[in-house]
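Asker: To be precise about what I am sending: the file is called start_36.tsv and holds TSV, C-alpha atoms.
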```tsv
chain	number	residue	atom	x	y	z
A	1	MET	CA	-20.39	-12.99	-76.36
A	2	ALA	CA	-24.02	-12.97	-77.52
A	3	ALA	CA	-24.92	-15.63	-74.93
A	4	LEU	CA	-23.14	-13.63	-72.23
A	5	HIS	CA	-24.96	-10.49	-73.31
A	6	ARG	CA	-28.35	-12.25	-73.10
A	7	HIS	CA	-27.48	-13.57	-69.62
A	8	MET	CA	-26.55	-10.07	-68.43
A	9	LYS	CA	-29.83	-8.67	-69.76
A	10	GLU	CA	-31.82	-11.38	-68.00
A	11	ALA	CA	-29.99	-10.66	-64.75
A	12	GLY	CA	-31.12	-7.06	-64.89
A	13	GLY	CA	-29.28	-3.86	-64.07
A	14	GLU	CA	-27.19	-1.68	-66.34
A	15	VAL	CA	-26.01	-3.72	-69.35
A	16	PRO	CA	-23.48	-2.50	-71.96
A	17	SER	CA	-24.20	-2.92	-75.63
A	18	LEU	CA	-23.09	-6.06	-77.44
A	19	ALA	CA	-20.51	-4.03	-79.38
A	20	SER	CA	-19.05	-2.64	-76.14
A	21	LEU	CA	-18.87	-6.14	-74.71
A	22	HIS	CA	-17.00	-7.38	-77.78
A	23	ARG	CA	-14.60	-4.43	-77.57
A	24	VAL	CA	-13.81	-5.01	-73.86
A	25	VAL	CA	-13.21	-8.73	-74.37
A	26	ARG	CA	-10.92	-8.12	-77.35
A	27	ARG	CA	-8.97	-5.56	-75.32
A	28	ASP	CA	-8.49	-7.93	-72.37
A	29	VAL	CA	-7.48	-10.83	-74.59
A	30	GLY	CA	-5.02	-8.61	-76.41
A	31	ALA	CA	-3.50	-7.55	-73.09
A	32	GLY	CA	-2.83	-11.18	-72.22
A	33	ARG	CA	-5.22	-11.27	-69.29
A	34	VAL	CA	-5.36	-14.72	-67.67
A	35	LEU	CA	-8.27	-15.71	-65.50
A	36	PRO	CA	-7.31	-17.29	-62.13
A	37	ASP	CA	-7.18	-21.06	-62.06
A	38	ARG	CA	-10.06	-22.75	-60.27
A	39	VAL	CA	-7.68	-25.00	-58.34
A	40	VAL	CA	-5.75	-21.98	-57.02
A	41	LEU	CA	-8.93	-20.23	-55.96
A	42	ARG	CA	-10.19	-23.38	-54.25
A	43	ARG	CA	-6.88	-23.82	-52.41
A	44	GLU	CA	-6.93	-20.21	-51.21
A	45	ARG	CA	-10.49	-20.62	-49.91
A	46	GLU	CA	-9.52	-23.85	-48.14
A	47	GLU	CA	-6.50	-22.23	-46.49
A	48	GLU	CA	-8.63	-19.31	-45.32
A	49	GLN	CA	-11.16	-21.74	-43.89
A	50	GLN	CA	-8.38	-23.72	-42.17
A	51	THR	CA	-7.09	-20.50	-40.61
A	52	ARG	CA	-10.47	-19.72	-39.08
A	53	GLN	CA	-10.90	-23.33	-38.01
A	54	ALA	CA	-7.48	-23.37	-36.37
A	55	VAL	CA	-8.32	-20.40	-34.17
A	56	ALA	CA	-11.69	-21.92	-33.31
A	57	ASP	CA	-10.23	-25.33	-32.51
A	58	LEU	CA	-7.77	-23.83	-30.06
A	59	ALA	CA	-10.73	-22.59	-27.97
A	60	LEU	CA	-9.14	-19.37	-26.84
A	61	ALA	CA	-10.49	-18.99	-23.33
A	62	GLY	CA	-9.32	-16.13	-21.15
A	63	PRO	CA	-6.75	-14.44	-23.38
A	64	ARG	CA	-4.35	-12.01	-21.80
A	65	GLU	CA	-5.58	-8.47	-21.57
A	66	GLY	CA	-3.15	-5.69	-22.25
A	67	GLY	CA	-0.20	-8.05	-22.23
A	68	ALA	CA	-0.81	-9.35	-18.71
A	69	ALA	CA	0.96	-12.57	-17.86
A	70	LYS	CA	-0.63	-15.87	-16.93
A	71	THR	CA	-0.97	-16.69	-13.26
A	72	SER	CA	1.55	-19.53	-13.27
A	73	THR	CA	4.80	-17.58	-13.48
A	74	PRO	CA	7.92	-19.62	-14.24
A	75	PRO	CA	11.20	-18.87	-12.48
A	76	ARG	CA	13.16	-15.85	-13.61
A	77	LEU	CA	16.51	-16.30	-15.30
A	78	GLY	CA	19.15	-16.21	-12.61
A	79	PRO	CA	22.33	-14.14	-12.76
A	80	GLU	CA	24.31	-17.22	-13.82
A	81	ALA	CA	22.10	-17.60	-16.88
A	82	THR	CA	22.52	-14.04	-18.10
A	83	SER	CA	26.18	-13.59	-17.25
A	84	GLY	CA	27.34	-17.10	-18.11
A	85	LEU	CA	26.77	-16.86	-21.83
A	86	PRO	CA	28.90	-19.25	-23.86
A	87	ALA	CA	31.26	-16.54	-25.06
A	88	GLY	CA	34.59	-17.75	-26.34
A	89	GLU	CA	33.34	-21.18	-27.38
A	90	SER	CA	34.14	-22.19	-30.92
A	91	SER	CA	31.00	-22.69	-33.03
A	92	ALA	CA	29.38	-24.75	-30.25
A	93	VAL	CA	26.12	-22.94	-30.73
A	94	ALA	CA	23.97	-24.85	-33.20
A	95	GLY	CA	22.72	-22.93	-36.20
A	96	VAL	CA	25.51	-20.32	-36.19
A	97	ALA	CA	28.09	-20.66	-38.99
A	98	LEU	CA	31.57	-19.44	-38.08
A	99	PRO	CA	34.93	-19.55	-39.87
A	100	ALA	CA	37.43	-22.13	-38.66
A	101	GLY	CA	39.04	-20.99	-35.43
A	102	ALA	CA	36.46	-18.29	-34.74
A	103	LYS	CA	34.93	-17.85	-31.30
A	104	LEU	CA	31.64	-16.39	-30.18
A	105	VAL	CA	32.00	-13.03	-28.45
A	106	ARG	CA	29.64	-11.57	-25.90
A	107	THR	CA	28.98	-8.06	-27.17
A	108	SER	CA	26.78	-5.39	-25.64
A	109	SER	CA	24.03	-6.46	-28.06
A	110	VAL	CA	24.22	-10.06	-26.83
A	111	ARG	CA	23.89	-8.88	-23.25
A	112	ALA	CA	20.88	-6.74	-24.15
A	113	VAL	CA	19.18	-9.63	-25.96
A	114	ALA	CA	19.87	-11.94	-23.02
A	115	GLU	CA	18.28	-9.45	-20.64
A	116	ALA	CA	15.20	-8.98	-22.84
A	117	VAL	CA	14.70	-12.73	-23.33
A	118	GLY	CA	15.22	-13.39	-19.63
A	119	GLN	CA	12.60	-10.83	-18.64
A	120	ALA	CA	10.15	-12.30	-21.15
A	121	MET	CA	10.72	-15.79	-19.74
A	122	ALA	CA	10.03	-14.50	-16.25
A	123	VAL	CA	6.50	-13.45	-17.23
A	124	GLN	CA	5.82	-15.87	-20.09
A	125	GLY	CA	5.76	-12.95	-22.45
A	126	ALA	CA	6.88	-12.23	-25.98
A	127	VAL	CA	9.98	-10.52	-27.31
A	128	CYS	CA	10.84	-9.31	-30.81
A	129	VAL	CA	14.53	-9.28	-31.77
A	130	PHE	CA	15.03	-7.23	-34.92
A	131	GLY	CA	17.71	-5.40	-36.87
A	132	ASP	CA	19.29	-5.38	-40.31
A	133	ALA	CA	20.54	-8.61	-41.84
A	134	GLY	CA	23.94	-9.86	-40.71
A	135	ARG	CA	24.07	-8.15	-37.34
A	136	GLY	CA	24.09	-11.37	-35.31
A	137	LYS	CA	20.48	-11.61	-34.13
A	138	THR	CA	20.28	-15.41	-34.34
A	139	ALA	CA	23.66	-15.83	-32.64
A	140	ALA	CA	22.63	-13.44	-29.86
A	141	VAL	CA	19.39	-15.31	-29.20
A	142	ARG	CA	21.12	-18.70	-29.25
A	143	MET	CA	23.77	-17.46	-26.85
A	144	ALA	CA	21.12	-15.98	-24.58
A	145	LEU	CA	19.28	-19.31	-24.49
A	146	GLY	CA	22.46	-21.37	-24.21
A	147	GLU	CA	22.05	-21.73	-20.46
A	148	VAL	CA	18.53	-21.67	-19.08
A	149	LEU	CA	17.30	-22.80	-15.71
A	150	PRO	CA	16.27	-26.44	-15.17
A	151	GLY	CA	12.71	-27.20	-16.21
A	152	TRP	CA	12.85	-25.02	-19.30
A	153	LYS	CA	12.96	-26.28	-22.86
A	154	VAL	CA	13.88	-24.30	-25.96
A	155	THR	CA	12.33	-25.08	-29.34
A	156	TRP	CA	13.34	-23.42	-32.60
A	157	VAL	CA	10.57	-23.40	-35.19
A	158	PRO	CA	11.70	-23.05	-38.83
A	159	VAL	CA	9.56	-20.83	-41.03
A	160	PRO	CA	8.27	-22.78	-44.03
A	161	VAL	CA	8.65	-21.43	-47.55
A	162	ARG	CA	5.40	-19.75	-48.67
A	163	SER	CA	4.06	-20.11	-45.15
A	164	SER	CA	0.46	-21.13	-44.54
A	165	VAL	CA	-1.34	-22.04	-41.34
A	166	ALA	CA	-1.25	-25.71	-42.30
A	167	GLY	CA	2.49	-25.49	-42.94
A	168	MET	CA	3.10	-23.58	-39.71
A	169	ARG	CA	1.13	-26.15	-37.74
A	170	ARG	CA	3.27	-28.90	-39.21
A	171	ALA	CA	6.47	-26.93	-38.53
A	172	VAL	CA	5.57	-26.49	-34.84
A	173	PHE	CA	4.58	-30.16	-34.56
A	174	ASP	CA	7.89	-31.32	-36.07
A	175	ALA	CA	9.97	-28.85	-34.04
A	176	LEU	CA	8.48	-30.19	-30.82
A	177	ALA	CA	9.53	-33.72	-31.90
A	178	LEU	CA	6.15	-35.12	-30.91
A	179	PRO	CA	5.78	-38.91	-31.11
A	180	GLY	CA	3.84	-40.59	-33.87
A	181	ARG	CA	2.84	-39.39	-37.29
A	182	PHE	CA	1.43	-35.97	-37.99
A	183	PRO	CA	-2.37	-36.15	-37.41
A	184	HIS	CA	-4.69	-35.98	-40.38
A	185	THR	CA	-6.96	-33.38	-38.78
A	186	SER	CA	-6.09	-29.93	-37.49
A	187	THR	CA	-8.01	-30.59	-34.27
A	188	ARG	CA	-5.80	-33.52	-33.29
A	189	ALA	CA	-2.63	-31.75	-34.37
A	190	ASP	CA	-3.48	-28.69	-32.28
A	191	ALA	CA	-4.38	-30.86	-29.30
A	192	ALA	CA	-0.97	-32.56	-29.47
A	193	VAL	CA	0.87	-29.23	-29.83
A	194	VAL	CA	-1.03	-27.59	-26.96
A	195	GLY	CA	-0.34	-30.61	-24.76
A	196	ALA	CA	3.40	-30.38	-25.43
A	197	LEU	CA	3.37	-26.64	-24.73
A	198	GLY	CA	1.89	-27.23	-21.29
A	199	GLU	CA	5.42	-27.26	-19.83
A	200	ALA	CA	7.64	-24.20	-19.59
A	201	ARG	CA	9.09	-23.68	-23.03
A	202	VAL	CA	10.68	-20.95	-25.13
A	203	LEU	CA	9.32	-21.01	-28.68
A	204	VAL	CA	11.76	-19.25	-31.01
A	205	VAL	CA	10.66	-18.38	-34.55
A	206	ASP	CA	13.60	-17.21	-36.66
A	207	GLU	CA	12.99	-15.33	-39.93
A	208	ALA	CA	9.63	-14.25	-38.51
A	209	GLN	CA	9.41	-11.44	-41.06
A	210	ARG	CA	8.37	-14.06	-43.66
A	211	LEU	CA	5.22	-14.99	-41.75
A	212	PRO	CA	1.88	-13.74	-43.10
A	213	VAL	CA	-0.82	-12.53	-40.73
A	214	PRO	CA	-2.68	-15.89	-40.51
A	215	CYS	CA	0.51	-17.63	-39.33
A	216	LEU	CA	1.13	-14.93	-36.75
A	217	GLU	CA	-2.46	-15.37	-35.58
A	218	TYR	CA	-1.82	-19.09	-35.20
A	219	LEU	CA	1.27	-18.47	-33.06
A	220	GLN	CA	-0.66	-15.98	-30.96
A	221	SER	CA	-3.37	-18.60	-30.49
A	222	LEU	CA	-0.82	-21.07	-29.12
A	223	TRP	CA	0.72	-18.43	-26.88
A	224	ASP	CA	-2.65	-17.21	-25.58
A	225	HIS	CA	-4.07	-20.66	-24.95
A	226	PRO	CA	-4.77	-21.13	-21.20
A	227	GLY	CA	-3.19	-24.58	-21.26
A	228	THR	CA	0.23	-23.46	-22.56
A	229	ARG	CA	3.27	-22.01	-20.79
A	230	VAL	CA	5.08	-20.37	-23.68
A	231	THR	CA	7.59	-17.58	-24.03
A	232	LEU	CA	7.49	-16.42	-27.63
A	233	VAL	CA	10.65	-15.07	-29.29
A	234	LEU	CA	10.22	-13.66	-32.80
A	235	CYS	CA	13.52	-12.94	-34.52
A	236	GLY	CA	14.43	-11.63	-37.94
A	237	ALA	CA	15.33	-8.65	-40.08
A	238	GLY	CA	12.00	-6.87	-40.47
A	239	SER	CA	10.17	-8.94	-37.87
A	240	GLU	CA	9.01	-5.73	-36.20
A	241	ARG	CA	7.31	-4.68	-39.45
A	242	ALA	CA	5.65	-8.08	-39.78
A	243	LEU	CA	4.26	-7.77	-36.26
A	244	SER	CA	2.89	-4.33	-37.04
A	245	ARG	CA	0.45	-6.04	-39.42
A	246	LEU	CA	-1.13	-7.76	-36.40
A	247	PRO	CA	-1.68	-5.05	-33.75
A	248	GLN	CA	-3.32	-7.43	-31.27
A	249	LEU	CA	-0.06	-9.40	-31.07
A	250	ALA	CA	2.27	-6.40	-31.35
A	251	SER	CA	0.56	-4.73	-28.38
A	252	ARG	CA	1.40	-7.74	-26.21
A	253	VAL	CA	5.12	-7.84	-26.98
A	254	ASP	CA	6.99	-7.21	-23.73
A	255	ALA	CA	10.29	-6.15	-25.29
A	256	TRP	CA	11.34	-4.82	-28.69
A	257	GLN	CA	15.07	-5.49	-28.81
A	258	GLU	CA	17.05	-4.14	-31.73
A	259	VAL	CA	20.48	-5.55	-32.58
A	260	PRO	CA	22.35	-2.53	-33.92
A	261	ARG	CA	25.55	-2.32	-35.92
A	262	LEU	CA	28.75	-3.09	-34.10
A	263	ALA	CA	29.82	0.17	-32.44
A	264	GLY	CA	33.09	1.66	-33.59
A	265	VAL	CA	34.56	1.59	-30.09
A	266	GLU	CA	33.79	-2.15	-29.89
A	267	VAL	CA	35.33	-3.18	-33.20
A	268	ALA	CA	38.90	-3.82	-32.07
A	269	THR	CA	37.92	-5.73	-28.93
A	270	VAL	CA	35.19	-7.80	-30.56
A	271	VAL	CA	37.05	-8.66	-33.77
A	272	THR	CA	40.29	-9.67	-32.04
A	273	GLY	CA	38.27	-11.87	-29.70
A	274	PHE	CA	36.34	-13.28	-32.65
A	275	HIS	CA	39.37	-14.66	-34.53
A	276	PRO	CA	43.14	-14.75	-33.86
A	277	LEU	CA	43.89	-13.58	-37.44
A	278	TRP	CA	42.95	-10.04	-36.45
A	279	ARG	CA	45.10	-9.91	-33.31
A	280	THR	CA	48.18	-8.89	-35.28
A	281	VAL	CA	46.34	-6.10	-37.12
A	282	PRO	CA	46.61	-2.65	-35.48
A	283	ALA	CA	43.43	-1.19	-34.03
A	284	SER	CA	43.58	1.72	-36.49
A	285	GLU	CA	43.56	-0.72	-39.41
A	286	LEU	CA	40.61	-2.62	-37.93
A	287	THR	CA	38.72	0.67	-37.73
A	288	TRP	CA	39.60	1.38	-41.37
A	289	ILE	CA	38.35	-2.08	-42.42
A	290	ASP	CA	35.08	-1.54	-40.59
A	291	GLN	CA	34.55	1.91	-42.09
A	292	SER	CA	35.55	0.80	-45.60
A	293	CYS	CA	33.79	-2.55	-45.84
A	294	ALA	CA	32.15	-4.19	-42.80
A	295	HIS	CA	30.21	-1.16	-41.51
A	296	GLY	CA	29.54	-2.86	-38.20
A	297	THR	CA	27.94	-5.93	-39.79
A	298	PHE	CA	29.16	-9.08	-38.06
A	299	ARG	CA	28.31	-11.35	-41.01
A	300	THR	CA	30.59	-9.27	-43.24
A	301	TRP	CA	33.41	-9.60	-40.71
A	302	ALA	CA	32.90	-13.39	-40.70
A	303	ALA	CA	32.98	-13.56	-44.51
A	304	LEU	CA	36.07	-11.35	-44.64
A	305	THR	CA	37.77	-13.60	-42.08
A	306	ALA	CA	37.08	-16.69	-44.19
A	307	HIS	CA	38.48	-15.03	-47.34
A	308	LEU	CA	41.55	-13.82	-45.46
A	309	GLN	CA	42.17	-17.35	-44.15
A	310	ASN	CA	41.97	-18.74	-47.66
A	311	ALA	CA	44.33	-16.09	-49.06
A	312	LEU	CA	46.94	-16.76	-46.38
A	313	LEU	CA	46.71	-20.54	-46.87
A	314	THR	CA	46.80	-20.60	-50.67
A	315	THR	CA	49.35	-17.90	-51.46
A	316	ALA	CA	52.90	-18.07	-50.14
A	317	ASP	CA	54.47	-15.06	-48.43
A	318	THR	CA	51.14	-13.24	-48.23
A	319	SER	CA	50.98	-10.39	-45.76
A	320	VAL	CA	47.91	-8.64	-44.46
A	321	ASP	CA	48.11	-5.21	-46.03
A	322	ARG	CA	45.64	-2.78	-47.53
A	323	ALA	CA	46.21	-4.04	-51.06
A	324	LEU	CA	45.15	-7.55	-50.04
A	325	LEU	CA	42.26	-6.29	-47.98
A	326	ARG	CA	40.93	-4.14	-50.85
A	327	ARG	CA	40.87	-7.23	-53.07
A	328	LEU	CA	38.97	-9.10	-50.41
A	329	PHE	CA	36.51	-6.22	-49.98
A	330	LYS	CA	35.32	-6.82	-53.54
A	331	ARG	CA	34.46	-10.41	-52.67
A	332	VAL	CA	32.32	-9.66	-49.65
A	333	ALA	CA	30.65	-6.42	-50.83
A	334	PRO	CA	27.68	-6.76	-53.21
A	335	PRO	CA	28.12	-5.12	-56.64
A	336	LEU	CA	26.52	-1.74	-57.03
```
Take the structure in the file and write it out as structure tokens.

Answerer:
Amino acid sequence: MAALHRHMKEAGGEVPSLASLHRVVRRDVGAGRVLPDRVVLRREREEEQQTRQAVADLALAGPREGGAAKTSTPPRLGPEATSGLPAGESSAVAGVALPAGAKLVRTSSVRAVAEAVGQAMAVQGAVCVFGDAGRGKTAAVRMALGEVLPGWKVTWVPVPVRSSVAGMRRAVFDALALPGRFPHTSTRADAAVVGALGEARVLVVDEAQRLPVPCLEYLQSLWDHPGTRVTLVLCGAGSERALSRLPQLASRVDAWQEVPRLAGVEVATVVTGFHPLWRTVPASELTWIDQSCAHGTFRTWAALTAHLQNALLTTADTSVDRALLRRLFKRVAPPL
């Protein structure tokens, strides 16, 4: 402490007394204060430098102003692509978990997402699909992209845990299935990614709400690059709030498409089309189930279907009544 005090006096400025310095240090040590590790600080500085270097390496020439599209406009989604969604197909859509025997159903939300994504593809724009967890956002996007016009490719980019620009760069590189090993330098990696994005492609980032601002800036750099032909789809519960942290990207989003709760008037039609187990249940009971437990959340309906299947298979002479359903409600509803 004496050496520190002498150093502070030599540096000039207002210097506390040696007794005050001792008192402050004792207080901080008593509070369990831990100084940041040098390795952590160095890593954070390196990641910040990589972020700036990534944007510089992409050489952003001629970015879009006010959300204007690039001059080379890809073909618009035809009527067959928006109306021919793979509704009624059993778990054929990759990445969507369904109970045994369940079928995908084209709801009004799926149609709205298909329209928004199709319009974004027509102008190489960006679309944000948001809504509370369990409402079927991922399924709606996958169904909307299930049938695209020839010449288009769809790439789903997984969001890394504790995302960084370096991790996001690697995730995009791997999602594009580029040949060879991942380059050792960011310049070569970005060159390979930009080259692959030169053809018409939909880049879908699910769970986009987990992306920090530097990763969103990296995606915007790829989208804005004059050599790419990318339609950007950002999907996730809270993705609209994540985009609000980067106004320059949020201002260029062509469509903000919310996936709402399943409407009460849709419940009977959608649920009976979703799984044959519900076809013998009266519409009034389906409405009661939705109001009591599911609350328009498709993921809850899927979980309830799986539990009901198990109950009917494992217990003899089981009938679907309110007593059974109330027991199942406790399994799918989180404890208060």

Asker: Name the residues in contact with segment 256-268 of chain A at a cut-off of 9 Å, using all atoms listed in the file, excluding same-chain residues fewer than 3 positions from it; report them as an MDAnalysis selection string.

Answerer: chainID A and resid 107:110 112:113 116 127:132 135:137 140 240 253 271:273 278:279 282:284 286:287 290:291 295:298

Asker: Using only C-alpha atoms, can you tell me which of A:Arg201, A:Arg26, A:Lys9, A:Arg169 comes closest to Thr187 of chain A?

Answerer: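 Checking each candidate against Thr187 of chain A, we get A:Arg169 as the closest.
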
Asker: My list of candidates is A:Val165, A:Ala177, A:Leu234, A:Pro183. Which is closest to Pro214 of chain A when distances are computed with only C-alpha atoms?

Answerer: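 For Pro214 of chain A, the nearest of the given residues is A:Val165.
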
Asker: I need the residue nearest Trp152 of chain A from this list: A:Ala114, A:Ala11, A:Leu216, A:Val230. Use only C-alpha atoms for the distance.

Answerer: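 Ranked by minimum distance to Trp152 of chain A, first place goes to A:Val230.
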
Asker: Point out the residue among A:Ala192, A:Leu328, A:Val205, A:Ala102 with the least atom-to-atom distance to Leu308 of chain A, counting all atoms listed in the file.

Answerer: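 Answer, going by the shortest atom-to-atom distance: A:Leu328.
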
Asker: Determine the nearest neighbour of Val117 of chain A from the options A:Lys153, A:Arg210, A:Arg42, A:Arg142, counting only C-alpha atoms.

Answerer: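 Ranking A:Lys153, A:Arg210, A:Arg42, A:Arg142 by distance to Val117 of chain A, first place goes to A:Arg142.
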
Asker: Do you have the atom CA of Leu277 of chain A-atom CA of Met143 of chain A distance handy?

Answerer: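 Taking atom CA of Leu277 of chain A as the start and atom CA of Met143 of chain A as the end point, the length is 23.1 Å.
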
Asker: Near segment 156-161 of chain A, counting all atoms listed in the file, which residues have an atom at most 9 Å away, once you skip same-chain residues fewer than 6 positions from it, shown as a list in words?

Answerer: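 That gives Gly167, Met168, Ala171, Val172, Asp174, Ala175, Leu176, Val202, Leu203, Val204, Val205, Asp206, Glu207, Ala208, Arg210 and Leu211 of chain A.
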
Asker: Could you save the residues just selected, with C-alpha atoms, as a PDB file, in the frame of the given file?

Answerer:
```pdb
ATOM      1  CA  GLY A 167       2.490 -25.490 -42.940  1.00  0.00           C
ATOM      2  CA  MET A 168       3.100 -23.580 -39.710  1.00  0.00           C
ATOM      3  CA  ALA A 171       6.470 -26.930 -38.530  1.00  0.00           C
ATOM      4  CA  VAL A 172       5.570 -26.490 -34.840  1.00  0.00           C
ATOM      5  CA  ASP A 174       7.890 -31.320 -36.070  1.00  0.00           C
ATOM      6  CA  ALA A 175       9.970 -28.850 -34.040  1.00  0.00           C
ATOM      7  CA  LEU A 176       8.480 -30.190 -30.820  1.00  0.00           C
ATOM      8  CA  VAL A 202      10.680 -20.950 -25.130  1.00  0.00           C
ATOM      9  CA  LEU A 203       9.320 -21.010 -28.680  1.00  0.00           C
ATOM     10  CA  VAL A 204      11.760 -19.250 -31.010  1.00  0.00           C
ATOM     11  CA  VAL A 205      10.660 -18.380 -34.550  1.00  0.00           C
ATOM     12  CA  ASP A 206      13.600 -17.210 -36.660  1.00  0.00           C
ATOM     13  CA  GLU A 207      12.990 -15.330 -39.930  1.00  0.00           C
ATOM     14  CA  ALA A 208       9.630 -14.250 -38.510  1.00  0.00           C
ATOM     15  CA  ARG A 210       8.370 -14.060 -43.660  1.00  0.00           C
ATOM     16  CA  LEU A 211       5.220 -14.990 -41.750  1.00  0.00           C
TER      17      LEU A 211
END
```

Asker: In Å to one decimal, how far is atom CA of Val154 of chain A from atom CA of Glu115 of chain A?

Answerer: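 Answer for the atom CA of Glu115 of chain A to atom CA of Val154 of chain A separation: 16.4 Å.
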
Asker: Just how far from atom CA of Leu145 of chain A is atom CA of Gln248 of chain A, in Å to one decimal?

Answerer: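 So the two atoms, atom CA of Gln248 of chain A and atom CA of Leu145 of chain A, lie 26.4 Å apart.
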
Asker: Select, from A:Pro179, A:Gly134, A:Pro99, A:Gly195, the residue with the minimum atom-to-atom distance to Pro226 of chain A, counting all atoms listed in the file.

Answerer: A:Gly195

Asker: Please check which residues have atoms at most 6 Å from (32.1, -15.1, -38.8) in the file's coordinates, counting only C-alpha atoms, and write them as a JSON list (two decimals) with C-alpha atoms, keeping the file's coordinate frame.

Answerer:
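Wrote out_28.json, looks like this:
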```json
[["chain", "number", "residue", "atom", "x", "y", "z"],
["A", 98, "LEU", "CA", 31.57, -19.44, -38.08],
["A", 99, "PRO", "CA", 34.93, -19.55, -39.87],
["A", 299, "ARG", "CA", 28.31, -11.35, -41.01],
["A", 301, "TRP", "CA", 33.41, -9.60, -40.71],
["A", 302, "ALA", "CA", 32.90, -13.39, -40.70],
["A", 303, "ALA", "CA", 32.98, -13.56, -44.51]]
```

Asker: Considering all atoms listed in the file, return as a JSON list (two decimals) with C-alpha atoms, in the frame of the given file whatever protein or nucleic-acid residues lie within 8 Å of Leu222 of chain A, sequence-local ones (same chain, fewer than 3 positions apart) excluded.

Answerer:
```
[["chain", "number", "residue", "atom", "x", "y", "z"],
["A", 58, "LEU", "CA", -7.77, -23.83, -30.06],
["A", 194, "VAL", "CA", -1.03, -27.59, -26.96],
["A", 218, "TYR", "CA", -1.82, -19.09, -35.20],
["A", 219, "LEU", "CA", 1.27, -18.47, -33.06],
["A", 225, "HIS", "CA", -4.07, -20.66, -24.95],
["A", 228, "THR", "CA", 0.23, -23.46, -22.56]]
```

Asker: Tell me, as number ranges by chain, which residues lie within 12 Å of Leu312 of chain A, counting all atoms listed in the file; anything in the same chain fewer than 5 positions away does not count.

Answerer: A: 277, 305-307, 317-321, 324-325, 328

Asker: Within 8 Å of Thr231 of chain A, counting only C-alpha atoms, which residues qualify if same-chain residues fewer than 4 places away don't, as a list in words?

Answerer: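 Counting only C-alpha atoms, the residues come to Ala120, Met121, Gln124, Gly125, Ala126, Ala200, Arg201, Val202, Leu203 and Trp223 of chain A.
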
Asker: Would you fill out segment 137-141 of chain A with all heavy atoms and return it as a tab-separated table (two decimals), in the coordinates of the input?

Answerer:
```
chain	number	residue	atom	x	y	z
A	137	LYS	N	21.69	-11.43	-34.95
A	137	LYS	CA	20.48	-11.61	-34.13
A	137	LYS	C	20.32	-13.06	-33.70
A	137	LYS	O	20.08	-13.36	-32.53
A	137	LYS	CB	19.24	-11.17	-34.92
A	137	LYS	CG	19.24	-9.70	-35.30
A	137	LYS	CD	18.03	-9.34	-36.13
A	137	LYS	CE	18.06	-10.01	-37.49
A	137	LYS	NZ	19.22	-9.61	-38.32
A	138	THR	N	20.45	-13.99	-34.66
A	138	THR	CA	20.28	-15.41	-34.34
A	138	THR	C	21.34	-15.86	-33.34
A	138	THR	O	21.04	-16.58	-32.38
A	138	THR	CB	20.35	-16.25	-35.61
A	138	THR	OG1	19.30	-15.84	-36.50
A	138	THR	CG2	20.16	-17.73	-35.30
A	139	ALA	N	22.59	-15.45	-33.56
A	139	ALA	CA	23.66	-15.83	-32.64
A	139	ALA	C	23.39	-15.28	-31.24
A	139	ALA	O	23.61	-15.97	-30.24
A	139	ALA	CB	25.00	-15.33	-33.16
A	140	ALA	N	22.90	-14.04	-31.17
A	140	ALA	CA	22.63	-13.44	-29.86
A	140	ALA	C	21.53	-14.20	-29.12
A	140	ALA	O	21.64	-14.46	-27.92
A	140	ALA	CB	22.24	-11.97	-30.03
A	141	VAL	N	20.47	-14.58	-29.84
A	141	VAL	CA	19.39	-15.31	-29.20
A	141	VAL	C	19.87	-16.69	-28.77
A	141	VAL	O	19.54	-17.16	-27.67
A	141	VAL	CB	18.17	-15.42	-30.15
A	141	VAL	CG1	17.10	-16.33	-29.56
A	141	VAL	CG2	17.58	-14.05	-30.42
```
